[in-house]
Structure formats: C-alpha cells, structure tokens
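Novice: Sharing target_20.cif, mmCIF, C-alpha atoms (C1' of nucleotides):
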data_entry
#
loop_
_atom_site.label_atom_id
_atom_site.label_comp_id
_atom_site.auth_asym_id
_atom_site.auth_seq_id
_atom_site.Cartn_x
_atom_site.Cartn_y
_atom_site.Cartn_z
CA MET E 1 35.11 -22.99 -47.22
CA ARG E 2 34.36 -20.24 -49.64
CA ASN E 3 30.69 -20.77 -49.16
CA HIS E 4 29.10 -17.51 -48.29
CA SER E 5 25.51 -18.47 -48.70
CA VAL E 6 23.00 -18.47 -45.92
CA THR E 7 23.75 -21.97 -44.72
CA TYR E 8 26.54 -21.81 -42.23
CA SER E 9 27.36 -25.07 -40.60
CA PRO E 10 26.43 -24.58 -36.99
CA PHE E 11 29.60 -25.92 -35.47
CA GLN E 12 32.15 -23.81 -37.24
CA THR E 13 29.93 -20.82 -36.90
CA GLN E 14 29.56 -21.12 -33.19
CA ASP E 15 33.30 -21.26 -32.70
CA ALA E 16 33.86 -18.39 -35.06
CA THR E 17 31.21 -16.33 -33.33
CA PHE E 18 32.54 -16.94 -29.85
CA GLN E 19 36.01 -16.15 -31.01
CA ALA E 20 34.96 -13.01 -32.83
CA VAL E 21 33.11 -11.76 -29.81
CA ALA E 22 35.95 -12.56 -27.43
CA ASP E 23 37.80 -9.40 -28.32
CA PRO E 24 36.61 -6.25 -26.54
CA THR E 25 37.35 -4.06 -29.53
CA ARG E 26 35.24 -6.22 -31.78
CA ARG E 27 32.42 -6.18 -29.28
CA ALA E 28 32.67 -2.42 -29.22
CA VAL E 29 32.51 -2.37 -33.02
CA LEU E 30 29.33 -4.37 -32.90
CA ASP E 31 27.96 -2.07 -30.22
CA LEU E 32 28.76 0.84 -32.46
CA LEU E 33 27.07 -0.69 -35.46
CA ARG E 34 24.01 -1.34 -33.38
CA ARG E 35 23.33 2.37 -33.72
CA GLY E 36 23.49 2.21 -37.47
CA SER E 37 25.62 1.31 -40.43
CA GLN E 38 28.91 3.08 -40.82
CA PRO E 39 31.79 3.16 -43.26
CA ALA E 40 35.05 1.62 -42.16
CA GLY E 41 36.77 4.92 -41.66
CA ALA E 42 34.13 6.23 -39.31
CA ILE E 43 34.34 3.05 -37.31
CA ALA E 44 38.09 3.31 -37.08
CA GLN E 45 37.91 6.88 -35.86
CA ALA E 46 35.93 5.73 -32.88
CA PHE E 47 38.82 3.68 -31.58
CA PRO E 48 42.27 4.46 -30.29
CA VAL E 49 43.95 1.95 -32.58
CA SER E 50 45.09 2.44 -36.13
CA ARG E 51 42.80 2.08 -39.10
CA PRO E 52 44.37 -1.11 -40.43
CA ALA E 53 43.85 -2.72 -37.06
CA ILE E 54 40.16 -1.99 -37.27
CA SER E 55 40.16 -3.19 -40.84
CA ARG E 56 41.39 -6.54 -39.68
CA HIS E 57 38.86 -6.69 -36.91
CA LEU E 58 36.24 -6.01 -39.52
CA ARG E 59 37.57 -8.82 -41.67
CA LEU E 60 37.26 -11.20 -38.76
CA LEU E 61 33.75 -10.01 -38.03
CA ARG E 62 32.93 -10.41 -41.70
CA ARG E 63 34.13 -13.98 -41.70
CA ALA E 64 32.06 -14.65 -38.63
CA HIS E 65 29.11 -13.17 -40.56
CA LEU E 66 28.53 -10.71 -37.76
CA VAL E 67 28.80 -7.76 -40.11
CA ARG E 68 28.06 -7.25 -43.75
CA GLU E 69 29.84 -4.92 -46.05
CA HIS E 70 28.73 -3.21 -49.20
CA ARG E 71 30.28 -0.50 -51.27
CA GLU E 72 28.98 2.97 -51.57
CA GLY E 73 31.17 4.89 -53.87
CA ARG E 74 34.56 4.71 -52.35
CA HIS E 75 33.18 3.91 -48.96
CA ARG E 76 32.73 0.50 -47.54
CA VAL E 77 29.70 0.55 -45.37
CA TYR E 78 29.39 -2.01 -42.65
CA ASP E 79 26.19 -3.06 -41.04
CA LEU E 80 25.41 -5.35 -38.22
CA ASN E 81 24.18 -8.89 -38.67
CA PRO E 82 23.35 -10.14 -35.20
CA GLU E 83 22.05 -13.47 -36.46
CA PRO E 84 25.09 -15.56 -35.50
CA LEU E 85 24.79 -14.31 -31.95
CA ARG E 86 21.87 -16.64 -31.60
CA ALA E 87 24.40 -19.44 -31.29
CA VAL E 88 25.89 -17.72 -28.28
CA ASP E 89 22.47 -17.11 -26.90
CA SER E 90 21.38 -20.69 -27.24
CA TRP E 91 24.53 -21.91 -25.58
CA LEU E 92 23.91 -19.51 -22.77
CA GLU E 93 20.35 -20.64 -22.52
CA GLN E 94 21.44 -23.82 -20.80
CA TYR E 95 23.00 -21.80 -18.01
CA ARG E 96 20.20 -19.41 -17.32
CA SER E 97 18.44 -21.87 -15.09
CA PHE E 98 21.53 -21.98 -12.92
CA TRP E 99 21.69 -18.37 -12.09
CA THR E 100 17.97 -18.17 -11.54
CA MET E 101 18.64 -20.47 -8.65
CA SER E 102 18.24 -18.14 -5.74
CA LEU E 103 21.32 -16.79 -4.12
CA ASN E 104 20.28 -18.47 -0.91
CA ASN E 105 20.43 -21.84 -2.57
CA LEU E 106 23.82 -21.05 -3.95
CA LYS E 107 25.03 -19.77 -0.61
CA SER E 108 23.90 -22.81 1.31
CA PHE E 109 25.44 -25.02 -1.34
CA VAL E 110 28.79 -23.32 -1.02
CA GLU E 111 28.63 -23.46 2.74
CA SER E 112 27.90 -27.15 2.74
CA GLU E 113 30.91 -27.69 0.53
CA TYR E 114 32.99 -25.65 2.90
CA ALA E 115 31.74 -27.66 5.86
CA LYS E 116 32.60 -30.86 4.06
CA GLU E 117 36.10 -29.58 3.48
CA THR E 118 36.77 -28.38 7.03
CA ALA E 119 35.38 -31.61 8.46
CA GLN E 120 38.25 -33.45 6.86
CA HIS E 121 41.14 -32.00 8.79
CA SER E 122 40.48 -32.04 12.48
CA ALA E 123 44.20 -32.74 12.86
CA GLY E 124 44.90 -29.50 11.05
CA LYS E 125 47.11 -30.79 8.29
CA LEU E 126 45.00 -29.63 5.41
CA THR E 127 44.68 -26.07 6.52
CA ARG E 128 45.47 -24.45 3.22
CA LYS E 129 43.59 -21.48 2.08
CA PRO E 130 41.41 -22.63 -0.80
CA SER E 131 42.18 -19.63 -2.99
CA LYS E 132 45.85 -20.44 -3.33
CA GLY E 133 45.95 -21.26 -6.99
CA ASP E 134 43.69 -18.42 -7.76
CA ARG E 135 46.01 -15.50 -8.30
CA MET F 1 44.25 10.09 -34.76
CA ARG F 2 43.84 8.46 -31.41
CA ASN F 3 40.30 9.57 -30.98
CA HIS F 4 38.60 7.79 -28.19
CA SER F 5 34.97 8.39 -28.81
CA VAL F 6 33.36 5.10 -27.97
CA THR F 7 33.06 4.30 -24.33
CA TYR F 8 35.22 1.27 -23.84
CA SER F 9 33.84 -0.47 -20.85
CA PRO F 10 36.98 -1.89 -19.32
CA PHE F 11 34.94 -4.31 -17.31
CA GLN F 12 37.57 -6.73 -16.31
CA THR F 13 35.24 -9.52 -15.45
CA GLN F 14 33.37 -9.25 -18.68
CA ASP F 15 36.55 -9.49 -20.67
CA ALA F 16 37.81 -12.43 -18.68
CA THR F 17 34.53 -14.23 -19.08
CA PHE F 18 34.29 -13.67 -22.80
CA GLN F 19 37.83 -14.79 -23.21
CA ALA F 20 37.38 -17.88 -21.08
CA VAL F 21 34.31 -18.87 -23.00
CA ALA F 22 35.90 -18.28 -26.37
CA ASP F 23 37.65 -21.62 -26.35
CA PRO F 24 35.53 -24.61 -27.37
CA THR F 25 37.31 -26.93 -24.96
CA ARG F 26 36.57 -24.66 -22.06
CA ARG F 27 32.95 -24.37 -23.09
CA ALA F 28 32.81 -28.14 -23.16
CA VAL F 29 34.30 -28.29 -19.68
CA LEU F 30 31.57 -26.00 -18.45
CA ASP F 31 28.98 -28.09 -20.24
CA LEU F 32 30.39 -31.13 -18.52
CA LEU F 33 30.30 -29.53 -15.10
CA ARG F 34 26.73 -28.56 -15.68
CA ARG F 35 25.91 -32.20 -15.02
CA GLY F 36 27.68 -32.12 -11.69
CA SER F 37 30.98 -31.53 -9.96
CA GLN F 38 33.93 -33.60 -11.03
CA PRO F 39 37.57 -34.00 -10.09
CA ALA F 40 40.16 -32.71 -12.52
CA GLY F 41 41.18 -36.16 -13.67
CA ALA F 42 37.68 -37.17 -14.62
CA ILE F 43 37.29 -33.94 -16.55
CA ALA F 44 40.54 -34.53 -18.39
CA GLN F 45 39.50 -38.04 -19.36
CA ALA F 46 36.53 -36.63 -21.18
CA PHE F 47 38.74 -34.83 -23.65
CA PRO F 48 41.22 -35.91 -26.28
CA VAL F 49 43.94 -33.59 -25.03
CA SER F 50 46.45 -34.23 -22.32
CA ARG F 51 45.70 -33.78 -18.65
CA PRO F 52 48.00 -30.78 -18.18
CA ALA F 53 46.22 -29.04 -21.02
CA ILE F 54 42.94 -29.44 -19.18
CA SER F 55 44.61 -28.34 -15.99
CA ARG F 56 45.51 -25.08 -17.63
CA HIS F 57 42.05 -24.63 -19.01
CA LEU F 58 40.77 -25.15 -15.51
CA ARG F 59 43.14 -22.54 -14.19
CA LEU F 60 41.83 -20.05 -16.69
CA LEU F 61 38.27 -20.92 -15.82
CA ARG F 62 39.16 -20.53 -12.15
CA ARG F 63 40.57 -17.08 -12.74
CA ALA F 64 37.44 -16.15 -14.60
CA HIS F 65 35.50 -17.42 -11.59
CA LEU F 66 33.54 -19.74 -13.82
CA VAL F 67 34.51 -22.77 -11.77
CA ARG F 68 35.39 -23.29 -8.15
CA GLU F 69 37.77 -25.85 -6.81
CA HIS F 70 37.96 -27.55 -3.46
CA ARG F 71 40.03 -30.48 -2.23
CA GLU F 72 38.67 -33.84 -1.39
CA GLY F 73 41.49 -36.03 -0.28
CA ARG F 74 43.87 -36.05 -3.15
CA HIS F 75 41.22 -35.03 -5.62
CA ARG F 76 40.51 -31.54 -6.69
CA VAL F 77 36.84 -31.29 -7.31
CA TYR F 78 35.62 -28.61 -9.67
CA ASP F 79 32.16 -27.25 -9.72
CA LEU F 80 30.45 -24.83 -11.99
CA ASN F 81 29.84 -21.21 -11.12
CA PRO F 82 27.74 -19.78 -13.93
CA GLU F 83 27.41 -16.39 -12.28
CA PRO F 84 29.92 -14.55 -14.50
CA LEU F 85 28.01 -15.67 -17.54
CA ARG F 86 25.44 -13.07 -16.65
CA ALA F 87 27.84 -10.51 -18.06
CA VAL F 88 27.73 -12.30 -21.39
CA ASP F 89 24.01 -12.57 -21.15
CA SER F 90 23.51 -8.91 -20.44
CA TRP F 91 25.74 -7.93 -23.34
CA LEU F 92 23.74 -10.22 -25.55
CA GLU F 93 20.55 -8.72 -24.26
CA GLN F 94 21.09 -5.63 -26.37
CA TYR F 95 21.07 -7.75 -29.47
CA ARG F 96 18.05 -9.86 -28.77
CA SER F 97 15.74 -7.17 -29.99
CA PHE F 98 17.47 -7.35 -33.34
CA TRP F 99 16.80 -10.96 -34.03
CA THR F 100 13.32 -10.80 -32.62
CA MET F 101 12.60 -8.24 -35.27
CA SER F 102 10.75 -10.24 -37.85
CA LEU F 103 12.49 -10.93 -41.10
CA ASN F 104 10.01 -8.65 -42.77
CA ASN F 105 10.99 -5.80 -40.53
CA LEU F 106 14.60 -6.47 -41.21
CA LYS F 107 13.95 -6.60 -44.90
CA SER F 108 12.09 -3.33 -44.94
CA PHE F 109 14.76 -1.77 -42.78
CA VAL F 110 17.46 -2.82 -45.17
CA GLU F 111 15.43 -1.63 -48.09
CA SER F 112 14.87 1.75 -46.52
CA GLU F 113 18.60 2.04 -46.03
CA TYR F 114 19.02 1.11 -49.62
CA ALA F 115 16.53 3.73 -50.65
CA LYS F 116 18.33 6.32 -48.60
CA GLU F 117 21.53 5.33 -50.28
CA THR F 118 20.23 5.55 -53.81
CA ALA F 119 18.58 8.85 -52.99
CA GLN F 120 21.98 10.34 -52.38
CA HIS F 121 23.25 10.00 -55.90
CA SER F 122 20.55 10.35 -58.48
CA ALA F 123 23.11 9.64 -61.16
CA GLY F 124 22.97 6.03 -60.12
CA LYS F 125 26.59 5.08 -60.51
CA LEU F 126 26.99 2.98 -57.43
CA THR F 127 24.44 0.25 -57.74
CA ARG F 128 26.33 -2.55 -56.15
CA LYS F 129 24.74 -5.65 -54.79
CA PRO F 130 25.31 -6.25 -51.10
CA SER F 131 26.75 -9.44 -49.67
CA LYS F 132 29.44 -9.65 -52.26
CA GLY F 133 32.42 -8.62 -50.24
CA ASP F 134 32.38 -11.74 -48.16
CA ARG F 135 35.82 -13.12 -47.58
"C1'" DA Y 1 59.43 -45.48 4.81
"C1'" DT Y 2 58.10 -46.36 0.18
"C1'" DA Y 3 55.15 -46.67 -3.63
"C1'" DA Y 4 51.28 -45.24 -6.17
"C1'" DT Y 5 47.77 -41.85 -7.24
"C1'" DG Y 6 45.91 -37.21 -8.44
"C1'" DT Y 7 47.02 -32.97 -9.81
"C1'" DG Y 8 49.34 -28.51 -10.72
"C1'" DT Y 9 53.47 -26.27 -12.79
"C1'" DA Y 10 57.67 -25.45 -15.58
"C1'" DA Y 11 59.87 -25.48 -19.87
"C1'" DC Y 12 59.41 -25.64 -24.51
"C1'" DC Y 13 57.28 -25.31 -29.18
"C1'" DA Y 14 54.13 -23.89 -32.84
"C1'" DT Y 15 50.61 -21.01 -34.05
"C1'" DA Y 16 47.37 -17.22 -33.70
"C1'" DC Y 17 46.60 -12.57 -33.07
"C1'" DA Y 18 46.62 -7.49 -32.28
"C1'" DG Y 19 49.20 -3.73 -33.38
"C1'" DT Y 20 52.26 -1.03 -36.37
"C1'" DT Y 21 54.05 1.09 -40.96
"C1'" DA Y 22 54.27 0.86 -45.92
"C1'" DC Y 23 52.06 0.03 -49.96
"C1'" DG Y 24 48.39 -1.22 -53.59
"C1'" DT Y 25 43.91 -0.15 -55.58
"C1'" DG Y 26 39.31 1.38 -56.90
"C1'" DA Y 27 36.49 5.65 -56.95
"C1'" DC Y 28 35.88 10.36 -57.44
"C1'" DA Y 29 37.55 15.46 -58.42
"C1'" DG Y 30 40.15 18.54 -61.08
"C1'" DC P 1 45.57 12.01 -66.84
"C1'" DT P 2 46.68 13.01 -62.18
"C1'" DG P 3 45.94 13.62 -57.49
"C1'" DT P 4 43.38 12.50 -53.44
"C1'" DC P 5 40.40 9.84 -50.68
"C1'" DA P 6 38.90 5.49 -48.42
"C1'" DC P 7 39.98 1.35 -48.01
"C1'" DG P 8 42.20 -3.36 -47.78
"C1'" DT P 9 46.44 -6.05 -47.51
"C1'" DA P 10 51.37 -7.32 -46.91
"C1'" DA P 11 55.21 -7.63 -43.97
"C1'" DC P 12 56.92 -7.49 -39.56
"C1'" DT P 13 56.92 -7.60 -34.37
"C1'" DG P 14 55.75 -8.82 -29.72
"C1'" DT P 15 52.83 -11.41 -26.95
"C1'" DA P 16 49.30 -14.64 -25.74
"C1'" DT P 17 47.67 -19.28 -26.16
"C1'" DG P 18 47.14 -24.24 -26.62
"C1'" DG P 19 49.51 -28.36 -26.82
"C1'" DT P 20 53.17 -31.56 -25.21
"C1'" DT P 21 56.60 -33.89 -21.95
"C1'" DA P 22 59.02 -33.87 -17.60
"C1'" DC P 23 58.80 -32.92 -12.98
"C1'" DA P 24 57.26 -31.49 -8.13
"C1'" DC P 25 54.20 -32.14 -4.35
"C1'" DA P 26 50.60 -33.66 -1.45
"C1'" DT P 27 47.66 -37.50 -0.24
"C1'" DT P 28 46.51 -42.21 0.38
"C1'" DA P 29 47.92 -47.22 0.23
"C1'" DT P 30 51.20 -50.96 1.50
#
Could the structure of this file be written out as structure tokens, please?
Specialist:
Amino acid sequence: MRNHSVTYSPFQTQDATFQAVADPTRRAVLDLLRRGSQPAGAIAQAFPVSRPAISRHLRLLRRAHLVREHREGRHRVYDLNPEPLRAVDSWLEQYRSFWTMSLNNLKSFVESEYAKETAQHSAGKLTRKPSKGDR
Amino acid sequence: MRNHSVTYSPFQTQDATFQAVADPTRRAVLDLLRRGSQPAGAIAQAFPVSRPAISRHLRLLRRAHLVREHREGRHRVYDLNPEPLRAVDSWLEQYRSFWTMSLNNLKSFVESEYAKETAQHSAGKLTRKPSKGDR
DNA sequence: ATAATGTGTAACCATACAGTTACGTGACAG
DNA sequence: CTGTCACGTAACTGTATGGTTACACATTAT
C-alpha cells in the first residue's frame, strides 16, 4: 500500500486515475499544471474554493500519481505527471472505433431500432415515449 | 480570496460523462455492451451485485447518454452510445503530447527545472530530493 | 383472471467526498 | 527567539453514491 515506487499495479491505478479525474476541479488543476509547475498556494488562488479544499484535491491527485510534489523552501511545488492517464487513454482506445463509425451508420442503426419498436404495437398499447425514464 | 482565474468549463455533458465513467462497474457495463446490446437482466447477471444496483447504474449511464434503452416485449434492451466519450477523448488529447515526449525529453525538462530552481538560491539550502512527499 | 417474468423505483443504510474553519508545523526574516 | 508565511491536516457538516431489500407495474404465459 505504501509502495510509491514506479510499479503501480494497473488495476488499482486505473480506478484511482478515473476517480481522480472525475472531479472537474481536479481536472482543472491538471489543466493548470499543464502550463507549468506551481506551488500549492498559487494553484489554490486559481480556484474559487478554499485553500484546504485544494490541498485535499492535491492529495488525491498525489495518491493517483497524477502530480508530484517537491519542496522548495517553504513552498510545495506541484508538477504534472500525465503518465497514469495512459490507462484512461487505453480504455478509451477500445471505443474509438465506435465513434469513427460514420454518423450515417449510426443514424440508420437507430432508425432500424425505432422501426422494430413501432412495429410491435399496431394495436397502440405500447405507445409510450421512449425517453420517459430519462429525466 | 474567491479569485476565479481559471476558466472552469462548466460543460455539463463532459462532467456527466466523466462522472459516469468513474465507476468501475459502469465501465464494465459499457465494456459488456461493446459486444452487443443486452437486456437489463442479462447485464445484471454479469455482475456480482444485485439487479437493482445495476438498474441504477444503467439509469446513470442513460442520463449521461452513454447507453440507450428501448423496449422489446417485457425486456429493456440497452445498447451502447459511445458518442459522449469523445468529450473524454478530447480532454485527454491535450495530455497525449506529454507522454509522447520521450523519456529523455522529460528527463531533460525536469533537470532544467531543477537547474532553474537551484539557480535561485546559490546558498544551496533547499536541496531536497523529489518524489519523497508521496502519501 | 391469475401467475410468472423482467425491470424500475422507493426506502433505508453505510461510506465517501467536497467544502468549511481551526490548528499544527517547517522554513525563512527580523 | 519570535513572528510570519506556506502549507498540510483534523474535525465537522451536508450531500452524493453504491449497496441492499421490498414493492410496483407492465408484459407475456396459463
């Protein structure tokens, strides 16, 4: 658990990465660090939330190995480590082929599903709008 | 205090997608649907949690527009809609350049940062090793 | 009509999490 | 030594979330 060497086990890491990236503030922190390393205080000033809140976001990002921290005097400088994002990328990789399917294919697919559905209720009993549980 | 410097992109869909995908069970549901549409019951059987739990995951995925549902008799067939994942992909896009930087580039980059740092205080009081403040 | 099937929802519980304020601590300045 | 700065952390709060069981409802089967 306390292992902070280079070998992260891929399973735990993927979960941690997805979870870390799920929060919009943390994504924004990463986006900020993409422009260069910054001390914690400077990062916090960029956000409308309190400094301790950012500190905790940073801790989570640290544990997900998405940022690294080192001390410079009394500053704690954070820099980006995008490596774990590869896990997200590789997961996404499997879906890229789907959305490179042309929109026409997708459209005709949806329409055929719709036709299948409407074909079922010529008596008009099943005439519910499909987006009912959508809210 | 409440300085709002960084442009928060309040892209609703992006947030919803990231959040939906944050949960490993929901990712697994998507992975399952990648092989083809399935009714809710069949999806639930593939997981160790109860059927209502899956039903709620499906609702969340529905609201994130990552799956679509249509009725077939008394079945509710779910099929994958990977479109929203493009938002994740495009966010990730900005980071790809980082990990395609060779390790040598990264190393030299880090070292130049280090040099910049040490240049600031010729007294050399702050020579801390990085990667210590992990957890 | 009645039963069985497939599924979503409600109610409830435990836990996680984001945010806050208050405080502790190491590093520098005087 | 003392104060101040830059942090992290503790304690607390409200809310979201994931899980469970019990139930409602529509669709087929008998």
Novice: Check the smallest atom-to-atom distance from each of F:Arg68, F:Arg27, F:Arg63, F:His75 to chain Y using all atoms listed in the file, then report the winner.
Specialist: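 Counting all atoms listed in the file, the residue closest to chain Y is F:His75.
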Novice: Got a sec to pull out which chain F residues are within 8 Å of chain Y, counting only C-alpha atoms (C1' of nucleotides), and send them as a PyMOL selection string?
Specialist: chain F and resi 40-41+52+55+74-76
Novice: Applied to the shown file, which residues does the PyMOL selection byres ((chain P) within 9 of (chain F)) return, written as a PyMOL selection string?
Specialist: chain P and resi 18-20+26-28
Novice: Grab the CA of Ala87 (chain E) to CA of Ser97 (chain F) distance for me, in Å with one decimal place.
Specialist: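 Here the two named atoms are 15.1 Å from each other.
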Novice: Apply the PyMOL selection byres ((chain E) within 6 of (chain F)) to the file shown and report the selected residues as a ChimeraX atom specification.
Specialist: /E:18-19,22,46-48,70,73
Novice: So how many Å separate CA of Val67 (chain F) and C1' of DC25 (chain P), to one decimal?
Specialist: 23.0 Å
Novice: Once 6 Å is added on each side, what centre and edge lengths in Å to one decimal does the axis-aligned box around all listed atoms of region 5-14 of chain P have, as JSON?
Specialist:
{"center_x": 47.9, "center_y": 0.5, "center_z": -40.2, "size_x": 30.0, "size_y": 30.7, "size_z": 33.0}
Novice: CA of Ala42 (chain F) to CA of Thr13 (chain E): how many Å, to one decimal?
Specialist: 28.7 Å
